[in-house]
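K.L.:
File coords.txt follows (compact mmCIF, C-alpha atoms and all ligand atoms):
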# COMPACT_ATOMS: atom_id res chain seq x y z
CA MET A 1 64.02 121.90 93.27
CA ALA A 2 61.02 119.64 94.01
CA GLU A 3 61.74 117.57 90.91
CA PHE A 4 64.98 116.32 92.52
CA VAL A 5 63.20 114.85 95.55
CA PRO A 6 62.40 111.47 93.91
CA ILE A 7 66.01 110.91 92.81
CA LEU A 8 67.37 112.01 96.20
CA LEU A 9 64.96 109.60 97.86
CA LYS A 10 65.83 106.83 95.41
CA TYR A 11 69.55 107.07 96.16
CA GLY A 12 69.00 107.51 99.88
CA PHE A 13 70.40 111.05 100.16
CA ILE A 14 67.20 112.07 101.93
CA SER A 15 64.96 109.75 103.87
CA LEU A 16 61.52 109.62 105.37
CA LEU A 17 62.70 107.09 107.97
CA PRO A 18 63.53 108.09 111.54
CA MET A 19 67.20 108.89 112.19
CA PRO A 20 69.25 106.03 113.68
CA GLY A 21 70.11 106.43 117.36
CA ARG A 22 73.41 107.87 118.56
CA SER A 23 76.31 105.73 117.42
CA ARG A 24 80.07 105.81 117.17
CA CYS A 25 80.09 104.00 113.81
CA SER A 26 80.49 106.62 111.16
CA LEU A 27 81.66 107.03 107.60
CA LEU A 28 82.07 110.79 108.00
CA ALA A 29 85.87 110.50 107.93
CA VAL A 30 85.92 108.61 104.63
CA THR A 31 87.71 110.63 101.96
CA GLY A 32 88.53 107.95 99.42
CA VAL A 33 87.21 104.70 97.98
CA ASN A 34 89.48 101.95 96.76
CA PHE A 35 87.98 99.84 93.97
CA GLU A 36 89.64 96.46 93.57
CA LEU A 37 88.44 95.79 90.03
CA THR A 38 89.91 92.29 89.74
CA TYR A 39 92.06 89.88 91.71
CA ASP A 40 93.53 88.45 88.50
CA CYS A 41 97.21 89.19 88.12
CA ASN A 42 100.16 88.31 85.92
CA LEU A 43 102.41 87.98 88.99
CA ASN A 44 102.10 86.00 92.19
CA CYS A 45 104.11 87.98 94.75
CA ALA A 46 105.06 86.14 97.91
CA HIS A 47 103.73 88.95 100.11
CA CYS A 48 100.46 89.50 98.24
CA LEU A 49 97.50 89.70 100.59
CA GLN A 50 95.26 88.37 97.82
CA GLN A 51 97.09 85.06 97.42
CA GLY A 52 94.40 83.10 99.23
CA ILE A 53 91.25 84.89 98.15
CA ARG A 54 92.32 85.15 94.51
CA ARG A 55 91.64 81.44 94.07
CA PHE A 56 88.12 81.67 95.47
CA THR A 57 86.75 84.91 94.02
CA ARG A 58 84.60 84.30 90.98
CA GLY A 59 83.42 86.98 88.57
CA HIS A 60 83.50 90.69 89.03
CA LEU A 61 81.21 93.71 89.05
CA SER A 62 79.94 94.76 85.62
CA THR A 63 81.11 98.00 84.06
CA GLN A 64 77.75 99.60 84.84
CA ALA A 65 77.83 98.42 88.46
CA VAL A 66 81.26 100.00 88.98
CA LYS A 67 80.13 103.24 87.34
CA ASP A 68 76.98 103.32 89.51
CA ALA A 69 79.09 102.75 92.61
CA VAL A 70 81.49 105.55 91.64
CA PHE A 71 78.51 107.86 91.09
CA GLN A 72 77.00 107.03 94.46
CA VAL A 73 80.21 107.47 96.47
CA TYR A 74 80.79 110.73 94.63
CA LEU A 75 77.33 112.08 95.49
CA SER A 76 77.74 110.85 99.06
CA GLY A 77 80.91 112.91 99.48
CA LEU A 78 83.07 109.86 100.19
CA CYS A 79 85.76 110.55 97.62
CA THR A 80 86.88 114.11 98.30
CA SER A 81 90.52 112.94 98.20
CA GLY A 82 89.73 110.63 95.30
CA VAL A 83 89.13 107.14 94.08
CA ASN A 84 91.79 104.46 93.74
CA PHE A 85 91.62 101.69 91.15
CA THR A 86 93.63 98.60 91.90
CA GLY A 87 93.77 94.86 91.41
CA GLY A 88 95.20 92.32 91.08
CA GLU A 89 96.47 93.91 87.94
CA VAL A 90 93.86 96.06 86.25
CA LEU A 91 95.77 96.76 83.02
CA GLY A 92 95.40 93.64 80.93
CA HIS A 93 92.67 92.10 83.07
CA ARG A 94 89.78 94.59 82.93
CA ASN A 95 88.85 95.37 79.31
CA ASP A 96 86.52 98.08 80.53
CA PHE A 97 89.04 99.97 82.66
CA PHE A 98 89.32 102.85 80.19
CA GLU A 99 85.53 103.32 80.17
CA ILE A 100 85.39 103.29 83.98
CA ALA A 101 88.37 105.66 84.20
CA GLU A 102 86.91 108.05 81.66
CA TYR A 103 83.59 108.12 83.50
CA THR A 104 85.33 108.80 86.83
CA GLY A 105 87.33 111.61 85.24
CA SER A 106 84.15 113.07 83.71
CA LEU A 107 82.76 113.53 87.24
CA GLY A 108 85.89 115.49 88.15
CA ILE A 109 86.97 112.86 90.71
CA PRO A 110 90.76 112.64 91.17
CA TYR A 111 91.80 109.05 90.67
CA ARG A 112 94.88 106.87 91.00
CA LEU A 113 95.81 103.53 89.47
CA ASN A 114 97.93 100.88 91.22
CA THR A 115 99.92 98.80 88.79
CA ASN A 116 102.95 96.52 88.84
CA SER A 117 104.16 98.25 85.62
CA TRP A 118 104.45 95.02 83.57
CA TRP A 119 103.52 97.03 80.48
CA SER A 120 106.17 99.75 80.66
CA ARG A 121 108.78 98.20 78.31
CA LYS A 122 106.54 96.60 75.68
CA SER A 123 107.03 97.87 72.13
CA GLY A 124 103.39 97.77 70.98
CA LEU A 125 100.89 97.40 73.75
CA GLU A 126 98.06 94.99 73.05
CA LEU A 127 95.54 95.31 75.89
CA PRO A 128 92.22 93.45 75.73
CA GLY A 129 90.09 95.44 73.28
CA ARG A 130 92.63 98.23 72.98
CA ARG A 131 95.96 98.76 71.24
CA PHE A 132 98.53 101.43 72.05
CA GLU A 133 101.50 102.15 69.80
CA SER A 134 103.74 102.40 72.84
CA PRO A 135 103.58 102.45 76.65
CA LEU A 136 104.01 106.22 76.45
CA ASP A 137 100.77 106.42 74.45
CA LEU A 138 99.03 104.48 77.19
CA VAL A 139 100.31 106.84 79.88
CA ARG A 140 99.35 109.90 77.83
CA HIS A 141 95.91 108.47 77.13
CA LEU A 142 95.29 107.82 80.83
CA LYS A 143 96.39 111.34 81.65
CA SER A 144 94.04 112.72 78.97
CA ILE A 145 91.06 110.95 80.55
CA GLY A 146 91.78 112.30 84.00
CA LEU A 147 94.19 109.91 85.73
CA GLY A 148 95.83 111.99 88.45
CA GLN A 149 98.62 109.62 89.36
CA PHE A 150 99.94 106.09 89.21
CA ALA A 151 100.99 104.05 92.23
CA PHE A 152 103.88 101.69 91.57
CA SER A 153 105.07 99.05 94.00
CA TYR A 154 108.51 98.52 95.43
CA ASP A 155 108.98 95.32 97.44
CA GLU A 156 110.91 92.07 97.51
CA ARG A 157 110.16 91.41 93.85
CA MET A 158 112.64 94.18 92.89
CA SER A 159 115.47 91.71 93.34
CA ASN A 160 114.30 90.45 89.94
CA SER A 161 116.10 92.77 87.51
CA ASP A 162 113.32 92.58 84.90
CA LEU A 163 110.75 93.83 87.40
CA PHE A 164 113.12 96.53 88.63
CA ASP A 165 113.65 97.66 85.02
CA ASN A 166 109.88 97.75 84.50
CA LEU A 167 109.56 100.09 87.47
CA VAL A 168 112.37 102.34 86.22
CA ALA A 169 110.79 102.46 82.74
CA ALA A 170 107.39 103.33 84.22
CA ILE A 171 108.97 106.17 86.21
CA LYS A 172 110.62 107.52 83.06
CA LEU A 173 107.30 107.44 81.18
CA CYS A 174 105.60 109.42 83.94
CA GLU A 175 108.38 112.01 83.91
CA ILE A 176 108.12 112.35 80.12
CA ALA A 177 104.32 112.54 80.16
CA ARG A 178 104.39 114.83 83.22
CA ILE A 179 102.03 112.81 85.31
CA GLY A 180 102.33 112.12 89.03
CA TYR A 181 103.29 108.76 90.49
CA GLN A 182 103.76 107.33 93.92
CA ILE A 183 105.98 104.47 94.97
CA ILE A 184 104.41 102.19 97.52
CA PHE A 185 107.14 100.55 99.59
CA THR A 186 105.99 97.27 101.08
CA GLY A 187 108.22 95.41 103.51
CA VAL A 188 111.03 97.96 103.08
CA ASP A 189 112.87 99.40 106.07
CA PRO A 190 111.96 103.14 106.10
CA ALA A 191 115.62 104.01 106.74
CA LYS A 192 116.44 102.56 103.31
CA ILE A 193 113.81 104.42 101.29
CA GLY A 194 115.94 107.54 100.66
CA GLY A 195 118.75 105.39 99.23
CA ILE A 196 116.32 103.47 97.02
CA ILE A 197 114.86 106.70 95.64
CA ASN A 198 118.40 107.84 94.78
CA GLU A 199 119.01 104.52 93.06
CA LEU A 200 115.78 104.89 91.03
CA HIS A 201 116.73 108.45 90.12
CA LYS A 202 120.12 107.29 88.82
CA ALA A 203 118.65 104.32 86.93
CA ALA A 204 115.94 106.47 85.32
CA GLY A 205 118.35 109.27 84.39
CA PHE A 206 115.67 111.82 85.30
CA PHE A 207 115.02 114.07 88.26
CA LEU A 208 111.99 112.56 89.92
CA ASN A 209 109.93 115.72 89.59
CA TYR A 210 106.60 113.96 89.41
CA LEU A 211 107.19 111.61 92.32
CA VAL A 212 104.42 112.26 94.85
CA PRO A 213 105.30 111.35 98.44
CA VAL A 214 102.91 108.86 100.01
CA SER A 215 101.42 109.98 103.27
CA ALA A 216 101.39 107.40 106.05
CA GLU A 217 97.66 106.96 105.63
CA MET A 218 97.90 106.16 101.96
CA ALA A 219 100.77 103.72 102.31
CA ASP A 220 99.81 100.08 102.04
CA ILE A 221 101.21 98.83 105.28
CA GLY A 222 100.56 95.82 107.41
CA GLY A 223 99.44 92.80 105.52
CA CYS A 224 97.85 89.72 106.85
CA THR A 225 98.87 86.77 104.77
CA GLY A 226 102.51 86.18 105.49
CA ASP A 227 104.25 84.66 108.43
CA ASN A 228 107.27 86.79 107.70
CA ALA A 229 108.23 88.64 110.88
CA ALA A 230 110.05 91.23 108.76
CA TYR A 231 106.65 92.78 108.02
CA ALA A 232 105.55 92.99 111.64
CA TRP A 233 106.91 96.48 112.30
CA GLN A 234 104.77 97.83 109.48
CA SER A 235 101.47 97.05 111.08
CA ASN A 236 102.70 98.63 114.30
CA LYS A 237 103.25 101.78 112.30
CA ALA A 238 99.83 101.48 110.66
CA ASP A 239 98.21 101.60 114.02
CA CYS A 240 94.68 102.81 113.22
CA ARG A 241 93.73 102.08 116.82
CA ASP A 242 90.84 99.99 115.48
CA LYS A 243 89.17 103.03 113.94
CA GLY A 244 89.55 101.29 110.58
CA PHE A 245 86.48 99.30 111.58
CA TYR A 246 84.12 101.94 112.96
CA HIS A 247 85.42 105.34 111.79
CA PRO A 248 87.46 104.51 108.68
CA ALA A 249 89.22 106.91 106.33
CA PHE A 250 88.83 104.65 103.27
CA LEU A 251 86.38 102.11 101.96
CA HIS A 252 87.46 99.12 99.86
CA VAL A 253 85.25 97.46 97.26
CA SER A 254 86.26 93.95 96.24
CA PRO A 255 85.84 92.68 92.67
CA ASP A 256 82.63 90.83 93.59
CA GLY A 257 81.01 93.88 95.22
CA LYS A 258 81.75 93.37 98.92
CA VAL A 259 82.48 96.60 100.75
CA ARG A 260 84.85 96.65 103.73
CA THR A 261 86.51 99.28 105.84
CA CYS A 262 89.96 97.70 106.30
CA MET A 263 92.16 96.87 103.35
CA TYR A 264 93.67 93.88 105.15
CA ALA A 265 90.36 92.20 105.94
CA VAL A 266 90.10 90.76 102.42
CA GLY A 267 86.86 88.92 101.75
CA SER A 268 85.04 90.94 104.40
CA ALA A 269 81.75 92.71 103.66
CA ASN A 270 81.53 94.54 106.97
CA VAL A 271 79.86 97.49 105.24
CA GLY A 272 77.74 95.32 102.94
CA ASP A 273 77.51 94.11 99.39
CA ILE A 274 76.64 96.37 96.46
CA THR A 275 75.28 93.47 94.44
CA GLU A 276 72.55 93.22 97.09
CA ASN A 277 71.98 96.85 98.14
CA ALA A 278 72.60 100.30 96.76
CA PHE A 279 75.88 101.80 97.98
CA THR A 280 73.98 104.71 99.49
CA ASP A 281 71.82 102.31 101.53
CA LEU A 282 74.96 100.68 102.92
CA ILE A 283 76.33 104.10 103.80
CA ASN A 284 73.11 105.16 105.50
CA ASP A 285 72.95 101.91 107.47
CA PHE A 286 76.56 102.01 108.70
CA PRO A 287 75.88 103.88 111.98
CA GLY A 288 74.04 100.78 113.20
CA ASN A 289 76.88 98.45 112.17
CA THR A 290 77.19 95.67 114.71
CA THR A 291 80.64 94.54 113.60
CA GLY A 292 82.01 98.07 113.87
CA ARG A 293 80.53 98.60 117.32
CA CYS A 294 82.53 95.66 118.60
CA PHE A 295 85.74 97.58 117.87
CA THR A 296 84.71 100.76 119.69
CA SER A 297 86.08 99.58 123.03
CA PRO A 298 89.17 97.44 123.72
CA ALA A 299 87.22 95.43 126.32
CA ARG A 300 84.40 94.66 123.88
CA LYS A 301 86.88 93.66 121.20
CA GLN A 302 88.83 91.42 123.57
CA ALA A 303 85.65 89.72 124.77
CA ALA A 304 84.59 89.04 121.17
CA PHE A 305 88.05 87.74 120.32
CA ASP A 306 88.12 85.47 123.38
CA ASN A 307 84.70 84.03 122.54
CA LEU A 308 84.80 83.77 118.77
CA VAL A 309 88.43 83.42 117.73
CA ALA A 310 90.65 82.30 120.62
CA PRO A 311 89.21 78.75 120.82
CA TYR A 312 90.06 78.27 117.12
CA LEU A 313 93.59 79.71 117.07
CA ALA A 314 95.05 76.24 116.57
CA SER A 315 93.50 76.12 113.10
CA TYR A 316 95.64 79.09 111.97
CA ARG A 317 99.32 79.68 111.51
CA PRO A 318 100.50 82.12 114.22
CA PHE A 319 99.33 85.69 113.64
CA VAL A 320 102.20 88.14 113.14
CA HIS A 321 100.24 91.39 112.93
CA GLU A 322 97.62 93.12 115.01
CA CYS A 323 95.93 93.77 111.64
CA THR A 324 95.65 90.02 111.14
CA ARG A 325 93.93 89.52 114.49
CA ASN A 326 91.49 92.31 113.60
CA ALA A 327 90.89 90.99 110.09
CA VAL A 328 90.09 87.53 111.43
CA LEU A 329 87.83 88.91 114.14
CA VAL A 330 85.88 91.19 111.81
CA ARG A 331 85.33 88.39 109.33
CA THR A 332 84.25 86.00 112.07
CA ILE A 333 81.67 88.40 113.52
CA GLN A 334 80.34 89.33 110.14
CA THR A 335 80.10 85.76 108.80
CA HIS A 336 78.51 84.67 112.07
CA PHE A 337 75.73 87.24 111.50
CA ASP A 338 75.36 86.69 107.76
CA CYS A 339 75.47 82.87 107.77
CA PRO A 340 73.96 81.76 111.08
CA ASP A 341 73.90 78.14 109.83
CA LEU A 342 77.69 77.94 109.56
CA SER A 343 79.49 76.58 112.61
CA LEU A 344 82.40 78.59 114.01
CA ALA A 345 84.76 75.82 112.91
CA GLU A 346 83.48 76.16 109.32
CA ILE A 347 83.77 79.94 109.49
CA HIS A 348 87.39 79.74 110.64
CA HIS A 349 88.19 77.19 107.97
CA ARG A 350 86.89 79.61 105.33
CA ILE A 351 88.77 82.59 106.80
CA GLY A 352 92.04 80.65 107.03
CA ARG A 353 91.67 79.76 103.36
CA ASP A 354 90.83 83.32 102.19
CA LEU A 355 93.48 85.09 104.27
CA ASN A 356 96.11 82.49 103.50
CA LEU A 357 96.45 81.75 107.19
CA ALA A 358 95.66 78.05 107.21
CA HIS A 359 98.44 75.62 108.10
CA ARG A 360 100.46 74.66 105.05
C1 LIG A 401 97.47 94.28 95.81
S1 LIG A 401 98.52 95.33 94.87
C2 LIG A 401 97.59 95.58 93.39
C3 LIG A 401 98.25 96.51 92.39
C4 LIG A 401 99.45 95.95 91.62
N1 LIG A 401 99.27 94.62 91.23
C5 LIG A 401 100.72 96.15 92.41
O1 LIG A 401 101.28 95.17 92.89
O2 LIG A 401 101.12 97.29 92.55
C6 LIG A 401 98.33 96.91 95.64
C7 LIG A 401 99.37 97.17 96.68
O3 LIG A 401 99.16 96.29 97.77
C8 LIG A 401 100.42 95.94 98.28
N2 LIG A 401 100.33 94.70 99.05
C9 LIG A 401 100.13 93.46 98.60
N3 LIG A 401 100.17 92.59 99.61
C10 LIG A 401 100.41 93.29 100.73
C11 LIG A 401 100.55 92.96 102.09
N4 LIG A 401 100.48 91.71 102.50
N5 LIG A 401 100.79 93.95 102.94
C12 LIG A 401 100.87 95.20 102.54
N6 LIG A 401 100.72 95.60 101.28
C13 LIG A 401 100.50 94.65 100.39
C14 LIG A 401 101.26 95.78 97.04
O4 LIG A 401 102.65 95.80 97.35
C15 LIG A 401 100.81 96.95 96.22
O5 LIG A 401 101.56 98.11 96.52
S1 LIG A 402 101.12 92.49 94.88
FE1 LIG A 402 100.24 93.17 92.94
S2 LIG A 402 101.57 92.28 91.40
FE2 LIG A 402 101.93 91.15 93.24
S3 LIG A 402 100.55 89.40 93.08
FE3 LIG A 402 99.54 90.98 94.32
S4 LIG A 402 98.30 92.03 92.85
FE4 LIG A 402 99.84 90.91 91.67
Any chance you could give the structure as structure tokens?
P.N.:
Amino acid sequence: MAEFVPILLKYGFISLLPMPGRSRCSLLAVTGVNFELTYDCNLNCAHCLQQGIRRFTRGHLSTQAVKDAVFQVYLSGLCTSGVNFTGGEVLGHRNDFFEIAEYTGSLGIPYRLNTNSWWSRKSGLELPGRRFESPLDLVRHLKSIGLGQFAFSYDERMSNSDLFDNLVAAIKLCEIARIGYQIIFTGVDPAKIGGIINELHKAAGFFLNYLVPVSAEMADIGGCTGDNAAYAWQSNKADCRDKGFYHPAFLHVSPDGKVRTCMYAVGSANVGDITENAFTDLINDFPGNTTGRCFTSPARKQAAFDNLVAPYLASYRPFVHECTRNAVLVRTIQTHFDCPDLSLAEIHHRIGRDLNLAHR
């Protein structure tokens, strides 16, 4: 056993340092890690929360850096429900996805892939560095290297019949290959979802045996880029009661290595940056997280908002969601700590740009 001590020390699983004091900031509830492998995408959906940041994110984590991160979250027990790979659009934009996926599968970690299913009706599938005879071969290959399920999106883009047909074709492929899939409804009235599933069933000509219901926690709800009031009810439903910032259920890693606790706070590194520190160090340091502590009481959060954000509200389009207010606040606090030389006006300019909230 003694021979494992150096490696456990190296990765921060054991420590010679004193324990941090009592704190409400904890990653104990984290059961899954969402890796955004790229923000590049073949589409440009009106509702996409990456619209702003996509233009300003340069480069992405290397294959090895992603594999190291997967290994560390696995050993830290943060992915008991699994790992999610998403983009942007991973298929077609990350040549190394199959290597990363295979590695994740080799650790026995359940993993899911979000995709807009652009590939599902191609005859021969030419992906960077990889050719598949057919989309079915791609699906079967992913299943063979451990993919547990796909996540397909249903949103306003389905009014385009080509994109709807892509979704139907992707569903059919999953039914044929006997692999699970979820449908993430974004901006869709919940009362209409049953009817849409019936419509998809009829269009696919298959019973949707492999359709996996999405639990409320896994649904991508909220959103912080649009000014479309139709989305407002979703963030009310997503009410995490601010725990997303100090006792989150998921962590999100952006393509450039920033780690955040709330999906909607794009561009935030409120947990840290894995290009600067080992993932395990970020995890061990989280109980002392200043940004998170600010969300542990409504009064503390309101005071921070009044001081740091309220005077600059005029530089933003009106916020529709509570998630948006939180995303702006968390980024302000964090940038204020990380870049003490930036003025608050400069910080808000940057946030408005990244979250697509600046005046048009
Ligand atoms: C960012 S996309 C990446 C994967 C893939 N390109 C796709 O669209 O499925 C992942 C999920 O986030 C959802 N999403 C994008 N913008 C959103 C927003 N503003 N609010 C809520 N969900 C959003 C998408 O609908 C999709 O289900
Ligand atoms: S929602 Fe998905 S498909 Fe649409 S632009 Fe964003 S990443 Fe691309």
K.L.:
Output as JSON the centre and edge lengths (Å, one decimal) of the box along x, y and z of the file that holds every listed atom of ligand LIG 402 (chain A) after adding 5 Å on each side.
P.N.:
{"center_x": 100.1, "center_y": 91.3, "center_z": 93.1, "size_x": 13.6, "size_y": 13.8, "size_z": 13.5}
K.L.:
So that I can see what lies close to A:Gly205, please list as a list in words the residues with an atom at most 10 Å from it, counting all atoms listed in the file and leaving out residues fewer than 5 positions away in the same chain.
P.N.:
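With the cut-off at 10 Å, the set is Val168, Lys172, Glu199 and Leu200 of chain A.
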K.L.:
Distance atom FE2 of ligand LIG 402 (chain A)-atom CA of A:Phe97, one decimal place?
P.N.:
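Straight-line distance from atom FE2 of ligand LIG 402 (chain A) to atom CA of A:Phe97 works out to 18.9 Å.
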K.L.:
Atom CA of A:Ala278 and atom CA of A:Cys240 are how many Å apart?
P.N.:
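It comes out at 27.7 Å.
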K.L.:
What separation in Å, quoted to one decimal, exists between atom CA of A:Ser159 and atom CA of A:Tyr181?
P.N.:
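A separation of 21.1 Å between them.
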K.L.:
At a cut-off of 8 Å and counting only C-alpha atoms and all ligand atoms, what residues surround ligand LIG 402 (chain A)? Please answer as a PyMOL selection string.
P.N.:
chain A and resi 39-51+87-89+115-116+153
K.L.:
Name the closest residue to A:Asp137 among the candidates A:Ala65, A:Ile274, A:Ile176, A:Ile283; distances are taken between atoms, counting only C-alpha atoms.
P.N.:
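Among the listed residues, A:Ile176 lies closest to A:Asp137.
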K.L.:
Find the residues near stretch 288-296 of chain A: any atom within 8 Å, counting all atoms listed in the file, skip ones fewer than 3 places away on the same chain, and give them as number ranges by chain.
P.N.:
A: 20, 23-25, 242-243, 245-246, 270-271, 285, 300-301, 304, 330, 333-334
K.L.:
For the interface of stretch 90-199 of chain A with stretch 70-77 of chain A (cut-off 12 Å, counting all atoms listed in the file), please tabulate each contacting residue of stretch 90-199 of chain A alongside its nearest pair of atoms and their separation in Å to one decimal, rows sorted by chain and increasing number, as JSON lines.
P.N.:
{"residue": "A:Ile100", "atom": "CA", "partner": "A:Val70", "partner_atom": "CA", "distance": 8.9}
{"residue": "A:Ala101", "atom": "CA", "partner": "A:Val70", "partner_atom": "CA", "distance": 10.1}
{"residue": "A:Glu102", "atom": "CA", "partner": "A:Val70", "partner_atom": "CA", "distance": 11.6}
{"residue": "A:Tyr103", "atom": "CA", "partner": "A:Val70", "partner_atom": "CA", "distance": 8.8}
{"residue": "A:Thr104", "atom": "CA", "partner": "A:Val70", "partner_atom": "CA", "distance": 7.0}
{"residue": "A:Gly105", "atom": "CA", "partner": "A:Val70", "partner_atom": "CA", "distance": 10.6}
{"residue": "A:Ser106", "atom": "CA", "partner": "A:Phe71", "partner_atom": "CA", "distance": 10.6}
{"residue": "A:Leu107", "atom": "CA", "partner": "A:Phe71", "partner_atom": "CA", "distance": 8.1}
{"residue": "A:Gly108", "atom": "CA", "partner": "A:Tyr74", "partner_atom": "CA", "distance": 9.5}
{"residue": "A:Ile109", "atom": "CA", "partner": "A:Tyr74", "partner_atom": "CA", "distance": 7.6}
{"residue": "A:Pro110", "atom": "CA", "partner": "A:Tyr74", "partner_atom": "CA", "distance": 10.7}
{"residue": "A:Tyr111", "atom": "CA", "partner": "A:Val70", "partner_atom": "CA", "distance": 10.9}
K.L.:
From the list A:Lys202, A:Arg140, A:His93, A:Arg121, which residue is nearest A:Leu163 when using all atoms listed in the file?
P.N.:
A:Arg121
